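Student: For reference, the structure I am asking about is given below.
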Amino acid sequence: MTVLPHAPPAPRHAPAAFLRPGQRLAILSALVDEQRGLIDQLQERQRIEHAGRHFWLGRFQGVPVVLTVSRIGKVSASLTAATLIERFAVGAIVFTGVAGALGDGVQVGDVVVAQDFIQHDLDVSPLFARYEVPAYGRARFACDAGLSQALLQAVQHSLAHDFAPARVHQGLIASGDRFVSGQAEVRALRERLQQDGYPALAVEMEGAAVAQVCADHGLPYAAMRTISDRADDSAHRDFAQFVEQVASRYAQAIITRLLDSLGQGPRP
Ligand code: SAH
């Protein structure tokens, strides 16, 4: 689904809807560059080192938060998500990062807000249907509708005011432990997922893992990915420059707007 970046009225989403008293909102990214700028904006900033990662605690637009970098891939992402929940009193997770384009009409510079996730490289067939996560009875892991709506509105606002003419899409995102960077490979992946009933808009390497951890803990989760490349032969060249020059600015603007909207309500 593509949503035009018109600016709806300023949204109001109280953090109390997502966080219980004493809980923090986690802002998670895979790469250091994806979070550049956000850490500088933290008030009452405190850095804790754990499991080889830096966890930055503080307040952002009045909302208690923790920022950290998961590193790349599903294992790293699930470890980080579980640590956030178990050690840092996280009540909800928002992921911001970059991804390769997969869906029709999804362009470099657009933003995809996740509706749900699938692991495109998980295959326990013929014991289970392809992509199905054993013990869960399903392949898709949904994001929280309310938190995703707040994120979508923040993206729409940012794109309309700061980054026109980028577009925002909402839908399925595919995750796997592989940087997809070949014309033939990306075409095959797109066709396979479409044929199997999973028309993903973007491909990345962490989101589905975080979604599964959040499902286990009953935690609201929302995710946005700025499209950095077309997952084709030039993906590796486009990627690095894009993250540094574009995606980090998007993330900063969008997260600031999201937390602004969350910070309007009663403090948890
Ligand atoms: N150059 C980086 C490695 C990037 S790996 C380094 O040296 O650290 C790609 C990262 O961006 C992953 O976190 C993944 O989630 C996302 N991503 C962007 N484009 C992608 C693509 N085409 N395929 C898979 N993941 C992609």
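Residue numbers start at 1 in each chain; chains themselves are named A, B, ... in the order of the structure tokens; ligands are numbered from 1 in the order shown.
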What do you get as a VMD selection string if you pick all residues at most 8 Å from ligand 1, counting only C-alpha atoms and all ligand atoms?
Tutor: chain A and resid 29 to 31 71 to 73 97 to 101 175 to 181 203 to 207 227 to 232 235 to 236 239 to 240
Student: Compile the contact shell of A:Arg53 as a ChimeraX atom specification: residues with an atom at most 8 Å away, counting only C-alpha atoms, same-chain residues fewer than 3 positions apart removed.
Tutor: /A:49-50,68-70
Student: Record the distance separating atom CA of A:Ser248 and atom CA of A:Glu34, expressed in Å with one decimal.
Tutor: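 Distance reported for this atom pair: 4.7 Å.
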Student: Tell me, in Å to one decimal, how far atom CA of A:Asp104 is from atom CA of A:His169.
Tutor: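 Rounded to one decimal, the two atoms are 10.8 Å apart.
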Student: Kindly indicate which residue among A:Leu79, A:Val65, A:Ala129, A:Leu19 lies nearest to A:Pro220, using only C-alpha atoms for the distances.
Tutor: A:Leu19
Student: Measuring atom to atom with only C-alpha atoms, identify which of A:Tyr198, A:Ala251, A:Ala184, A:Leu189 is nearest to A:Asp233.
Tutor: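 Among A:Tyr198, A:Ala251, A:Ala184, A:Leu189, it is A:Ala184 that comes nearest to A:Asp233.
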Student: Within 10 Å of A:Gln115, counting only C-alpha atoms, which residues show up once you throw out same-chain ones fewer than 4 positions away? Write them as a count of residues only, please.
Tutor: 17
Student: Based on DSSP run over this structure's backbone, return all residues of stretch 13-131 of chain A in strand (DSSP E or B), as a PDB file with C-alpha atoms, in the first residue's frame.
Tutor:
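Final output, selection_6.pdb:
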ATOM      1  CA  ARG A  24      11.270   3.166  28.326  1.00  0.00           C
ATOM      2  CA  LEU A  25      10.755   3.293  24.593  1.00  0.00           C
ATOM      3  CA  ALA A  26      13.653   1.677  22.700  1.00  0.00           C
ATOM      4  CA  ILE A  27      14.935   3.186  19.490  1.00  0.00           C
ATOM      5  CA  LEU A  28      16.880   0.509  17.694  1.00  0.00           C
ATOM      6  CA  SER A  29      18.950   0.583  14.497  1.00  0.00           C
ATOM      7  CA  GLN A  43      18.501  14.809  27.708  1.00  0.00           C
ATOM      8  CA  GLU A  44      19.765  13.356  31.020  1.00  0.00           C
ATOM      9  CA  ARG A  45      22.024  11.172  28.881  1.00  0.00           C
ATOM     10  CA  GLN A  46      23.681   8.122  30.378  1.00  0.00           C
ATOM     11  CA  ARG A  47      25.724   5.416  28.604  1.00  0.00           C
ATOM     12  CA  ILE A  48      25.760   1.801  29.760  1.00  0.00           C
ATOM     13  CA  GLU A  49      27.955  -0.869  28.206  1.00  0.00           C
ATOM     14  CA  HIS A  50      26.567  -4.384  28.097  1.00  0.00           C
ATOM     15  CA  ARG A  53      26.975  -2.771  22.965  1.00  0.00           C
ATOM     16  CA  HIS A  54      26.382   0.791  24.100  1.00  0.00           C
ATOM     17  CA  PHE A  55      22.942   1.537  25.509  1.00  0.00           C
ATOM     18  CA  TRP A  56      22.139   5.245  25.714  1.00  0.00           C
ATOM     19  CA  LEU A  57      19.480   6.111  28.295  1.00  0.00           C
ATOM     20  CA  GLY A  58      17.775   9.476  28.627  1.00  0.00           C
ATOM     21  CA  ARG A  59      14.734  11.515  27.639  1.00  0.00           C
ATOM     22  CA  PHE A  60      13.815  12.505  24.130  1.00  0.00           C
ATOM     23  CA  VAL A  63       9.731  10.470  26.635  1.00  0.00           C
ATOM     24  CA  PRO A  64      12.013   8.058  28.566  1.00  0.00           C
ATOM     25  CA  VAL A  65      14.071   6.222  25.935  1.00  0.00           C
ATOM     26  CA  VAL A  66      17.003   3.908  25.352  1.00  0.00           C
ATOM     27  CA  LEU A  67      18.934   4.020  22.074  1.00  0.00           C
ATOM     28  CA  THR A  68      21.153   1.243  20.824  1.00  0.00           C
ATOM     29  CA  VAL A  69      22.605  -0.407  17.746  1.00  0.00           C
ATOM     30  CA  VAL A  90      11.709  -1.402  27.593  1.00  0.00           C
ATOM     31  CA  GLY A  91       7.946  -1.316  27.008  1.00  0.00           C
ATOM     32  CA  ALA A  92       7.952  -0.783  23.237  1.00  0.00           C
ATOM     33  CA  ILE A  93      10.494  -0.888  20.386  1.00  0.00           C
ATOM     34  CA  VAL A  94      10.760   1.351  17.338  1.00  0.00           C
ATOM     35  CA  PHE A  95      13.256   0.290  14.665  1.00  0.00           C
ATOM     36  CA  THR A  96      14.712   2.793  12.239  1.00  0.00           C
ATOM     37  CA  GLY A  97      17.059   1.747   9.465  1.00  0.00           C
ATOM     38  CA  VAL A  98      17.606   1.187   5.759  1.00  0.00           C
ATOM     39  CA  ALA A  99      16.556  -1.553   3.348  1.00  0.00           C
ATOM     40  CA  GLY A 100      16.688  -2.643  -0.265  1.00  0.00           C
ATOM     41  CA  ALA A 101      13.657  -2.079  -2.510  1.00  0.00           C
ATOM     42  CA  VAL A 111      10.232   5.096   3.345  1.00  0.00           C
ATOM     43  CA  VAL A 112       8.528   1.794   4.149  1.00  0.00           C
ATOM     44  CA  VAL A 113       6.624   1.484   7.425  1.00  0.00           C
ATOM     45  CA  ALA A 114       6.264  -2.181   8.340  1.00  0.00           C
ATOM     46  CA  GLN A 115       2.858  -3.763   8.753  1.00  0.00           C
ATOM     47  CA  ASP A 116       4.388  -7.183   9.345  1.00  0.00           C
ATOM     48  CA  PHE A 117       7.566  -9.205   8.760  1.00  0.00           C
ATOM     49  CA  ILE A 118       8.606 -12.531   7.279  1.00  0.00           C
ATOM     50  CA  GLN A 119      11.965 -14.363   7.342  1.00  0.00           C
TER      51      GLN A 119
END
Student: Just how far from atom CA of A:Tyr221 is atom CA of A:Glu132, in Å to one decimal?
Tutor: 20.0 Å
Student: Can you check which residues of stretch 57-135 of chain A DSSP gives as helix (DSSP H, G or I) on the backbone and send them as a PyMOL selection string?
Tutor: chain A and resi 74-87
Student: With distances taken over only C-alpha atoms, which of A:Cys214, A:Ala208, A:Leu258, A:Val246 is nearest to A:Val75?
Tutor: A:Ala208
Student: With only C-alpha atoms as the basis for distance, which of A:Ala215, A:Leu42, A:Val186, A:Ala77 is at the shortest distance from A:Ala200?
Tutor: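 Distance minimum relative to A:Ala200 lands on A:Val186.
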